[in-house]
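Colleague: One structure coming up, written as structure tokens, with questions to follow.
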Amino acid sequence: MDDELLTFVRDALARGRSRGEIAEVLQRAGWSREQLTSALDAFADVEFAVPVPMPRPYLSARDAFLYLVLFTALYVTAYHLGSLVFDLINRAFPDSAMDYYTQYVRASMRWSVASLIVAFPVLVFMTRFVGREIARDPGKRRSKIRRWLTYLTLFVAACVLIADVTTLVYNALGGELTIRFVLKVVTVGLIAAVSSATTFRICAPTRSTGPRLEFGPAA
């Protein structure tokens with residue numbers, strides 16, 4: 001965040017200027033809405049003689065450990081759940097040209113089940129543990145590692161969904177749709193959507209507690 005902008009907002013608040021007035025003059029000066037909103041959100045909307053700073057995003061080794069374990073468990077669960085469903089689809093709709101594949105499918109299913117038995121309970125435990133920590137101390141929502149992993153996961157899920165739909169459309173245009181293929185596409189799409197929804201629910205962005213700013217048209 002620009003130090004000059006932050007200093008201006010702090011001084012203006014200290015002199016009793018409203019947030020709306022500050023936002024309007026900064027917008028006229030050419031600052032973007034994102035910049036001025038971020039600067040205003042750096043100070044709590046509370047009554048006090050001087051502006052009260054909000055806690056800034058931070059990085060701690062403990063949070064890095066917790067969130068890395070949580071997201072690793074999420075990735076492992078999502079991957080092996082998809083792999084297990086794929087193997088079940090292959091067994092339900094076998095391809096006569098791939099008889100040699102049967103032994104590999106059995107080994108793959110066994111590995112996926114073993115991974116889910118370990119990873120899913122870890123995911124549930126870490127989700128509840130992190131949720132309790134955030135409930136006790138809402139300031140933990142500002143963890144930098146939490147934000148980065150959240151948006152990285154959402155980005156990967158978005159890429160998977162785009163590729164999934166693209167593949168479906170491509171095969172549909174070529175008249176190559178089969179039950180096996182459609183079921184696998186649906187599986188990938190559902191897992192990506194559920195993973196992103198779960199991620200957003202666990203690590204929802206911090207919301208500003210101040211009043212909503214109304215921006216007028218820029219001069």
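Following the order of the structure tokens, chains are lettered A, B, ..., residues in each are numbered from 1, and ligands are numbered from 1.
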Would you please give, as a compact mmCIF listing (two decimals) with N, CA and C atoms, in the first residue's frame, all residues of range 8-196 of chain A that DSSP assigns to alpha helix (DSSP H) based on the backbone?
Modeller:
```txt
# COMPACT_ATOMS: atom_id res chain seq x y z
N PHE A 8 -2.13 10.29 4.15
CA PHE A 8 -3.19 11.25 3.84
C PHE A 8 -4.52 10.84 4.47
N VAL A 9 -4.87 9.57 4.33
CA VAL A 9 -6.13 9.08 4.88
C VAL A 9 -6.11 9.19 6.41
N ARG A 10 -5.00 8.84 7.03
CA ARG A 10 -4.91 8.94 8.49
C ARG A 10 -5.07 10.38 8.96
N ASP A 11 -4.40 11.31 8.28
CA ASP A 11 -4.49 12.73 8.67
C ASP A 11 -5.90 13.27 8.45
N ALA A 12 -6.53 12.86 7.34
CA ALA A 12 -7.87 13.34 7.05
C ALA A 12 -8.88 12.82 8.08
N LEU A 13 -8.75 11.57 8.46
CA LEU A 13 -9.64 11.01 9.49
C LEU A 13 -9.40 11.70 10.84
N ALA A 14 -8.13 11.99 11.13
CA ALA A 14 -7.81 12.65 12.39
C ALA A 14 -8.42 14.05 12.46
N ARG A 19 -15.45 9.36 5.74
CA ARG A 19 -14.87 8.42 4.77
C ARG A 19 -15.38 8.71 3.36
N GLY A 20 -16.63 9.10 3.26
CA GLY A 20 -17.17 9.43 1.95
C GLY A 20 -16.46 10.61 1.31
N GLU A 21 -16.19 11.65 2.11
CA GLU A 21 -15.48 12.83 1.61
C GLU A 21 -14.08 12.47 1.17
N ILE A 22 -13.40 11.67 1.99
CA ILE A 22 -12.04 11.26 1.65
C ILE A 22 -12.02 10.45 0.37
N ALA A 23 -12.95 9.50 0.24
CA ALA A 23 -13.01 8.66 -0.96
C ALA A 23 -13.28 9.50 -2.20
N GLU A 24 -14.16 10.49 -2.08
CA GLU A 24 -14.52 11.33 -3.22
C GLU A 24 -13.33 12.16 -3.70
N VAL A 25 -12.61 12.78 -2.76
CA VAL A 25 -11.49 13.62 -3.16
C VAL A 25 -10.34 12.79 -3.72
N LEU A 26 -10.13 11.60 -3.17
CA LEU A 26 -9.08 10.74 -3.70
C LEU A 26 -9.42 10.23 -5.10
N GLN A 27 -10.70 9.95 -5.32
CA GLN A 27 -11.11 9.52 -6.66
C GLN A 27 -10.91 10.63 -7.67
N ARG A 28 -11.22 11.85 -7.28
CA ARG A 28 -11.01 12.99 -8.18
C ARG A 28 -9.53 13.21 -8.46
N ARG A 33 -10.45 2.97 -7.17
CA ARG A 33 -11.35 2.59 -6.08
C ARG A 33 -10.71 1.54 -5.19
N GLU A 34 -9.99 0.63 -5.80
CA GLU A 34 -9.34 -0.42 -5.01
C GLU A 34 -8.30 0.17 -4.07
N GLN A 35 -7.52 1.12 -4.57
CA GLN A 35 -6.47 1.73 -3.74
C GLN A 35 -7.06 2.51 -2.57
N LEU A 36 -8.05 3.35 -2.88
CA LEU A 36 -8.59 4.19 -1.80
C LEU A 36 -9.41 3.37 -0.80
N THR A 37 -10.10 2.32 -1.29
CA THR A 37 -10.84 1.46 -0.37
C THR A 37 -9.89 0.72 0.55
N SER A 38 -8.76 0.25 -0.01
CA SER A 38 -7.77 -0.45 0.80
C SER A 38 -7.18 0.48 1.86
N ALA A 39 -6.94 1.74 1.48
CA ALA A 39 -6.39 2.70 2.43
C ALA A 39 -7.38 3.02 3.55
N LEU A 40 -8.65 3.18 3.19
CA LEU A 40 -9.67 3.47 4.21
C LEU A 40 -9.90 2.26 5.12
N ASP A 41 -9.83 1.07 4.54
CA ASP A 41 -10.03 -0.14 5.35
C ASP A 41 -8.86 -0.40 6.30
N ALA A 61 5.02 -18.87 10.82
CA ALA A 61 5.38 -20.26 10.52
C ALA A 61 4.27 -21.22 10.95
N ARG A 62 3.62 -20.92 12.06
CA ARG A 62 2.55 -21.79 12.56
C ARG A 62 1.38 -21.83 11.58
N ASP A 63 0.96 -20.66 11.10
CA ASP A 63 -0.15 -20.60 10.14
C ASP A 63 0.24 -21.29 8.84
N ALA A 64 1.49 -21.10 8.42
CA ALA A 64 1.95 -21.75 7.19
C ALA A 64 1.83 -23.26 7.32
N PHE A 65 2.24 -23.80 8.48
CA PHE A 65 2.13 -25.25 8.71
C PHE A 65 0.67 -25.71 8.66
N LEU A 66 -0.21 -25.00 9.39
CA LEU A 66 -1.61 -25.40 9.46
C LEU A 66 -2.27 -25.39 8.08
N TYR A 67 -2.07 -24.31 7.34
CA TYR A 67 -2.75 -24.19 6.05
C TYR A 67 -2.13 -25.09 5.00
N LEU A 68 -0.82 -25.33 5.07
CA LEU A 68 -0.21 -26.26 4.12
C LEU A 68 -0.73 -27.68 4.34
N VAL A 69 -0.88 -28.08 5.60
CA VAL A 69 -1.45 -29.40 5.89
C VAL A 69 -2.90 -29.47 5.42
N LEU A 70 -3.68 -28.41 5.70
CA LEU A 70 -5.09 -28.40 5.32
C LEU A 70 -5.25 -28.50 3.80
N PHE A 71 -4.52 -27.67 3.07
CA PHE A 71 -4.69 -27.65 1.61
C PHE A 71 -4.08 -28.89 0.96
N THR A 72 -3.00 -29.43 1.54
CA THR A 72 -2.46 -30.68 1.00
C THR A 72 -3.47 -31.81 1.16
N ALA A 73 -4.12 -31.87 2.32
CA ALA A 73 -5.16 -32.88 2.53
C ALA A 73 -6.31 -32.69 1.55
N LEU A 74 -6.66 -31.43 1.27
CA LEU A 74 -7.72 -31.15 0.30
C LEU A 74 -7.33 -31.62 -1.09
N TYR A 75 -6.09 -31.32 -1.51
CA TYR A 75 -5.64 -31.72 -2.85
C TYR A 75 -5.59 -33.25 -2.98
N VAL A 76 -5.06 -33.91 -1.96
CA VAL A 76 -4.95 -35.38 -2.01
C VAL A 76 -6.35 -36.01 -2.04
N THR A 77 -7.26 -35.48 -1.23
CA THR A 77 -8.62 -36.00 -1.21
C THR A 77 -9.31 -35.82 -2.56
N ALA A 78 -9.19 -34.63 -3.13
CA ALA A 78 -9.84 -34.35 -4.41
C ALA A 78 -9.26 -35.24 -5.52
N TYR A 79 -7.93 -35.35 -5.56
CA TYR A 79 -7.30 -36.13 -6.62
C TYR A 79 -7.69 -37.61 -6.54
N HIS A 80 -7.58 -38.20 -5.36
CA HIS A 80 -7.83 -39.63 -5.24
C HIS A 80 -9.32 -39.96 -5.28
N LEU A 81 -10.17 -39.01 -4.90
CA LEU A 81 -11.60 -39.23 -5.08
C LEU A 81 -11.93 -39.31 -6.56
N GLY A 82 -11.35 -38.39 -7.33
CA GLY A 82 -11.54 -38.43 -8.78
C GLY A 82 -10.98 -39.70 -9.40
N SER A 83 -9.80 -40.10 -8.95
CA SER A 83 -9.18 -41.32 -9.47
C SER A 83 -10.03 -42.55 -9.16
N LEU A 84 -10.58 -42.61 -7.94
CA LEU A 84 -11.42 -43.75 -7.56
C LEU A 84 -12.69 -43.80 -8.39
N VAL A 85 -13.32 -42.65 -8.60
CA VAL A 85 -14.55 -42.62 -9.41
C VAL A 85 -14.23 -43.01 -10.85
N PHE A 86 -13.10 -42.55 -11.38
CA PHE A 86 -12.69 -42.91 -12.75
C PHE A 86 -12.54 -44.44 -12.86
N ASP A 87 -11.90 -45.04 -11.87
CA ASP A 87 -11.71 -46.49 -11.90
C ASP A 87 -13.04 -47.24 -11.81
N LEU A 88 -13.97 -46.72 -11.00
CA LEU A 88 -15.29 -47.34 -10.91
C LEU A 88 -16.04 -47.23 -12.24
N ILE A 89 -15.88 -46.08 -12.90
CA ILE A 89 -16.51 -45.91 -14.22
C ILE A 89 -15.91 -46.88 -15.22
N ASN A 90 -14.59 -47.05 -15.18
CA ASN A 90 -13.93 -47.98 -16.09
C ASN A 90 -14.39 -49.42 -15.85
N ARG A 91 -14.65 -49.78 -14.60
CA ARG A 91 -15.13 -51.13 -14.30
C ARG A 91 -16.60 -51.31 -14.71
N ALA A 92 -17.38 -50.24 -14.56
CA ALA A 92 -18.80 -50.33 -14.91
C ALA A 92 -19.01 -50.33 -16.42
N TYR A 101 -5.71 -53.63 -18.71
CA TYR A 101 -5.82 -52.50 -17.79
C TYR A 101 -6.45 -52.91 -16.46
N THR A 102 -7.08 -54.11 -16.40
CA THR A 102 -7.83 -54.52 -15.22
C THR A 102 -6.96 -54.58 -13.97
N GLN A 103 -5.79 -55.17 -14.07
CA GLN A 103 -4.92 -55.29 -12.90
C GLN A 103 -4.48 -53.91 -12.41
N TYR A 104 -4.19 -53.02 -13.34
CA TYR A 104 -3.78 -51.66 -12.95
C TYR A 104 -4.92 -50.94 -12.24
N VAL A 105 -6.16 -51.13 -12.72
CA VAL A 105 -7.31 -50.48 -12.10
C VAL A 105 -7.47 -50.94 -10.66
N ARG A 106 -7.31 -52.20 -10.41
CA ARG A 106 -7.44 -52.72 -9.04
C ARG A 106 -6.40 -52.10 -8.12
N ALA A 107 -5.16 -52.01 -8.59
CA ALA A 107 -4.09 -51.41 -7.79
C ALA A 107 -4.36 -49.92 -7.56
N SER A 108 -4.86 -49.27 -8.61
CA SER A 108 -5.16 -47.84 -8.51
C SER A 108 -6.28 -47.59 -7.51
N MET A 109 -7.31 -48.43 -7.53
CA MET A 109 -8.43 -48.28 -6.59
C MET A 109 -7.96 -48.50 -5.16
N ARG A 110 -7.10 -49.50 -4.96
CA ARG A 110 -6.60 -49.77 -3.62
C ARG A 110 -5.79 -48.59 -3.09
N TRP A 111 -4.97 -48.01 -3.97
CA TRP A 111 -4.16 -46.86 -3.57
C TRP A 111 -5.05 -45.64 -3.27
N SER A 112 -6.07 -45.42 -4.07
CA SER A 112 -6.97 -44.29 -3.86
C SER A 112 -7.75 -44.43 -2.56
N VAL A 113 -8.24 -45.64 -2.28
CA VAL A 113 -8.98 -45.87 -1.03
C VAL A 113 -8.06 -45.65 0.17
N ALA A 114 -6.81 -46.14 0.09
CA ALA A 114 -5.87 -45.95 1.19
C ALA A 114 -5.60 -44.46 1.41
N SER A 115 -5.45 -43.71 0.33
CA SER A 115 -5.17 -42.28 0.43
C SER A 115 -6.36 -41.53 1.03
N LEU A 116 -7.56 -41.90 0.63
CA LEU A 116 -8.75 -41.24 1.17
C LEU A 116 -8.95 -41.55 2.65
N ILE A 117 -8.64 -42.79 3.04
CA ILE A 117 -8.79 -43.17 4.45
C ILE A 117 -7.89 -42.32 5.34
N VAL A 118 -6.73 -41.91 4.81
CA VAL A 118 -5.80 -41.09 5.59
C VAL A 118 -6.09 -39.60 5.41
N ALA A 119 -6.24 -39.16 4.16
CA ALA A 119 -6.31 -37.73 3.88
C ALA A 119 -7.64 -37.09 4.29
N PHE A 120 -8.75 -37.78 4.08
CA PHE A 120 -10.04 -37.16 4.37
C PHE A 120 -10.23 -36.84 5.86
N PRO A 121 -9.92 -37.77 6.79
CA PRO A 121 -10.02 -37.40 8.21
C PRO A 121 -9.11 -36.23 8.58
N VAL A 122 -7.91 -36.18 7.97
CA VAL A 122 -7.01 -35.06 8.23
C VAL A 122 -7.66 -33.75 7.75
N LEU A 123 -8.29 -33.80 6.58
CA LEU A 123 -8.97 -32.61 6.04
C LEU A 123 -10.09 -32.15 6.97
N VAL A 124 -10.90 -33.08 7.44
CA VAL A 124 -12.01 -32.74 8.34
C VAL A 124 -11.48 -32.15 9.64
N PHE A 125 -10.46 -32.81 10.21
CA PHE A 125 -9.89 -32.34 11.48
C PHE A 125 -9.30 -30.94 11.33
N MET A 126 -8.49 -30.72 10.27
CA MET A 126 -7.83 -29.43 10.08
C MET A 126 -8.85 -28.34 9.79
N THR A 127 -9.92 -28.68 9.06
CA THR A 127 -10.95 -27.69 8.76
C THR A 127 -11.60 -27.21 10.05
N ARG A 128 -11.94 -28.15 10.93
CA ARG A 128 -12.57 -27.78 12.20
C ARG A 128 -11.59 -27.04 13.10
N PHE A 129 -10.34 -27.47 13.11
CA PHE A 129 -9.34 -26.84 13.97
C PHE A 129 -9.11 -25.39 13.55
N VAL A 130 -8.91 -25.19 12.25
CA VAL A 130 -8.69 -23.83 11.75
C VAL A 130 -9.94 -22.98 11.95
N GLY A 131 -11.11 -23.57 11.75
CA GLY A 131 -12.35 -22.83 11.96
C GLY A 131 -12.50 -22.36 13.40
N ARG A 132 -12.14 -23.21 14.35
CA ARG A 132 -12.21 -22.82 15.77
C ARG A 132 -11.21 -21.71 16.08
N GLU A 133 -10.02 -21.80 15.49
CA GLU A 133 -9.02 -20.76 15.72
C GLU A 133 -9.49 -19.41 15.19
N ILE A 134 -10.10 -19.41 14.02
CA ILE A 134 -10.59 -18.16 13.44
C ILE A 134 -11.76 -17.61 14.25
N ALA A 135 -12.61 -18.50 14.78
CA ALA A 135 -13.73 -18.06 15.60
C ALA A 135 -13.23 -17.39 16.88
N ARG A 136 -12.13 -17.92 17.45
CA ARG A 136 -11.57 -17.32 18.65
C ARG A 136 -10.83 -16.02 18.35
N LYS A 144 -1.35 -14.13 5.44
CA LYS A 144 -0.97 -14.07 4.03
C LYS A 144 -0.97 -15.45 3.38
N ILE A 145 -0.45 -16.46 4.08
CA ILE A 145 -0.40 -17.81 3.50
C ILE A 145 -1.80 -18.32 3.23
N ARG A 146 -2.75 -17.95 4.08
CA ARG A 146 -4.14 -18.36 3.91
C ARG A 146 -4.71 -17.76 2.62
N ARG A 147 -4.45 -16.49 2.41
CA ARG A 147 -4.96 -15.83 1.20
C ARG A 147 -4.34 -16.41 -0.06
N TRP A 148 -3.01 -16.60 -0.05
CA TRP A 148 -2.34 -17.12 -1.24
C TRP A 148 -2.82 -18.52 -1.60
N LEU A 149 -2.91 -19.40 -0.61
CA LEU A 149 -3.35 -20.76 -0.89
C LEU A 149 -4.82 -20.80 -1.31
N THR A 150 -5.62 -19.92 -0.73
CA THR A 150 -7.03 -19.87 -1.11
C THR A 150 -7.19 -19.51 -2.58
N TYR A 151 -6.55 -18.43 -3.00
CA TYR A 151 -6.71 -17.98 -4.39
C TYR A 151 -5.97 -18.88 -5.37
N LEU A 152 -4.88 -19.51 -4.92
CA LEU A 152 -4.21 -20.49 -5.78
C LEU A 152 -5.14 -21.67 -6.05
N THR A 153 -5.81 -22.15 -5.01
CA THR A 153 -6.74 -23.27 -5.17
C THR A 153 -7.92 -22.89 -6.06
N LEU A 154 -8.46 -21.70 -5.87
CA LEU A 154 -9.57 -21.24 -6.70
C LEU A 154 -9.12 -21.09 -8.16
N PHE A 155 -7.89 -20.64 -8.36
CA PHE A 155 -7.36 -20.51 -9.72
C PHE A 155 -7.24 -21.87 -10.40
N VAL A 156 -6.67 -22.84 -9.67
CA VAL A 156 -6.53 -24.19 -10.23
C VAL A 156 -7.90 -24.79 -10.54
N ALA A 157 -8.87 -24.60 -9.62
CA ALA A 157 -10.21 -25.14 -9.84
C ALA A 157 -10.86 -24.49 -11.05
N ALA A 158 -10.66 -23.19 -11.23
CA ALA A 158 -11.22 -22.50 -12.40
C ALA A 158 -10.60 -23.02 -13.69
N CYS A 159 -9.29 -23.24 -13.68
CA CYS A 159 -8.61 -23.79 -14.87
C CYS A 159 -9.13 -25.18 -15.21
N VAL A 160 -9.32 -26.01 -14.17
CA VAL A 160 -9.83 -27.37 -14.38
C VAL A 160 -11.23 -27.32 -14.98
N LEU A 161 -12.09 -26.45 -14.45
CA LEU A 161 -13.46 -26.34 -14.96
C LEU A 161 -13.47 -25.88 -16.41
N ILE A 162 -12.63 -24.90 -16.74
CA ILE A 162 -12.57 -24.40 -18.12
C ILE A 162 -12.10 -25.50 -19.06
N ALA A 163 -11.03 -26.21 -18.65
CA ALA A 163 -10.52 -27.30 -19.48
C ALA A 163 -11.54 -28.42 -19.61
N ASP A 164 -12.26 -28.69 -18.53
CA ASP A 164 -13.28 -29.74 -18.52
C ASP A 164 -14.39 -29.45 -19.52
N VAL A 165 -14.91 -28.22 -19.46
CA VAL A 165 -16.00 -27.84 -20.38
C VAL A 165 -15.49 -27.80 -21.82
N THR A 166 -14.27 -27.30 -22.00
CA THR A 166 -13.69 -27.24 -23.35
C THR A 166 -13.57 -28.63 -23.95
N THR A 167 -13.09 -29.58 -23.15
CA THR A 167 -12.96 -30.96 -23.62
C THR A 167 -14.32 -31.55 -23.99
N LEU A 168 -15.32 -31.27 -23.17
CA LEU A 168 -16.66 -31.77 -23.45
C LEU A 168 -17.19 -31.21 -24.77
N VAL A 169 -17.04 -29.92 -24.98
CA VAL A 169 -17.51 -29.28 -26.21
C VAL A 169 -16.75 -29.82 -27.41
N TYR A 170 -15.44 -29.98 -27.28
CA TYR A 170 -14.62 -30.48 -28.38
C TYR A 170 -15.07 -31.87 -28.82
N ASN A 171 -15.27 -32.76 -27.85
CA ASN A 171 -15.70 -34.11 -28.20
C ASN A 171 -17.13 -34.13 -28.71
N ALA A 172 -17.97 -33.25 -28.21
CA ALA A 172 -19.34 -33.18 -28.71
C ALA A 172 -19.36 -32.75 -30.17
N LEU A 173 -18.54 -31.77 -30.51
CA LEU A 173 -18.48 -31.30 -31.90
C LEU A 173 -17.94 -32.38 -32.83
N ILE A 179 -20.63 -42.73 -22.86
CA ILE A 179 -21.08 -42.65 -21.46
C ILE A 179 -19.88 -42.53 -20.53
N ARG A 180 -18.83 -43.31 -20.81
CA ARG A 180 -17.62 -43.24 -19.99
C ARG A 180 -17.05 -41.83 -19.96
N PHE A 181 -16.96 -41.25 -21.14
CA PHE A 181 -16.36 -39.92 -21.23
C PHE A 181 -17.21 -38.87 -20.51
N VAL A 182 -18.51 -38.89 -20.74
CA VAL A 182 -19.39 -37.90 -20.12
C VAL A 182 -19.36 -38.01 -18.59
N LEU A 183 -19.38 -39.24 -18.08
CA LEU A 183 -19.34 -39.44 -16.63
C LEU A 183 -18.04 -38.92 -16.04
N LYS A 184 -16.93 -39.11 -16.75
CA LYS A 184 -15.64 -38.62 -16.25
C LYS A 184 -15.59 -37.09 -16.26
N VAL A 185 -16.14 -36.49 -17.32
CA VAL A 185 -16.17 -35.02 -17.39
C VAL A 185 -17.01 -34.46 -16.25
N VAL A 186 -18.18 -35.07 -16.01
CA VAL A 186 -19.05 -34.62 -14.91
C VAL A 186 -18.34 -34.78 -13.57
N THR A 187 -17.62 -35.89 -13.41
CA THR A 187 -16.88 -36.12 -12.16
C THR A 187 -15.85 -35.04 -11.91
N VAL A 188 -15.06 -34.73 -12.93
CA VAL A 188 -14.03 -33.70 -12.78
C VAL A 188 -14.66 -32.35 -12.46
N GLY A 189 -15.73 -32.01 -13.18
CA GLY A 189 -16.40 -30.74 -12.93
C GLY A 189 -16.96 -30.63 -11.52
N LEU A 190 -17.59 -31.69 -11.04
CA LEU A 190 -18.16 -31.68 -9.69
C LEU A 190 -17.09 -31.56 -8.63
N ILE A 191 -16.00 -32.32 -8.78
CA ILE A 191 -14.93 -32.27 -7.79
C ILE A 191 -14.28 -30.89 -7.76
N ALA A 192 -14.05 -30.30 -8.94
CA ALA A 192 -13.45 -28.97 -8.99
C ALA A 192 -14.38 -27.93 -8.35
N ALA A 193 -15.69 -28.03 -8.65
CA ALA A 193 -16.64 -27.08 -8.09
C ALA A 193 -16.76 -27.22 -6.58
N VAL A 194 -16.85 -28.46 -6.11
CA VAL A 194 -16.97 -28.69 -4.66
C VAL A 194 -15.69 -28.26 -3.94
N SER A 195 -14.54 -28.52 -4.55
CA SER A 195 -13.26 -28.14 -3.93
C SER A 195 -13.16 -26.62 -3.80
N SER A 196 -13.54 -25.90 -4.86
CA SER A 196 -13.47 -24.44 -4.80
C SER A 196 -14.47 -23.88 -3.80
```
Colleague: Quick check for you: according to DSSP on this backbone, which residues of range 6-115 of chain A are classed as strand (DSSP E)? Reply as a list in words.
Modeller: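 Answer for range 6-115 of chain A restricted to strand (DSSP E) is Phe43, Ala44, Val52 and Pro53 of chain A.
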Colleague: If I take CA of Asp137 in chain A and CA of Arg201 in chain A, how far is one from the other in Å, to one decimal?
Modeller: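 CA of Asp137 in chain A sits 17.0 Å away from CA of Arg201 in chain A.
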Colleague: Give the answer as one residue: which of A:Gly30, A:Lys140, A:Arg17, A:Thr198 has the shortest atom-to-atom distance to Pro51 in chain A, using only C-alpha atoms?
Modeller: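 Smallest separation from Pro51 in chain A among the options: A:Arg17.
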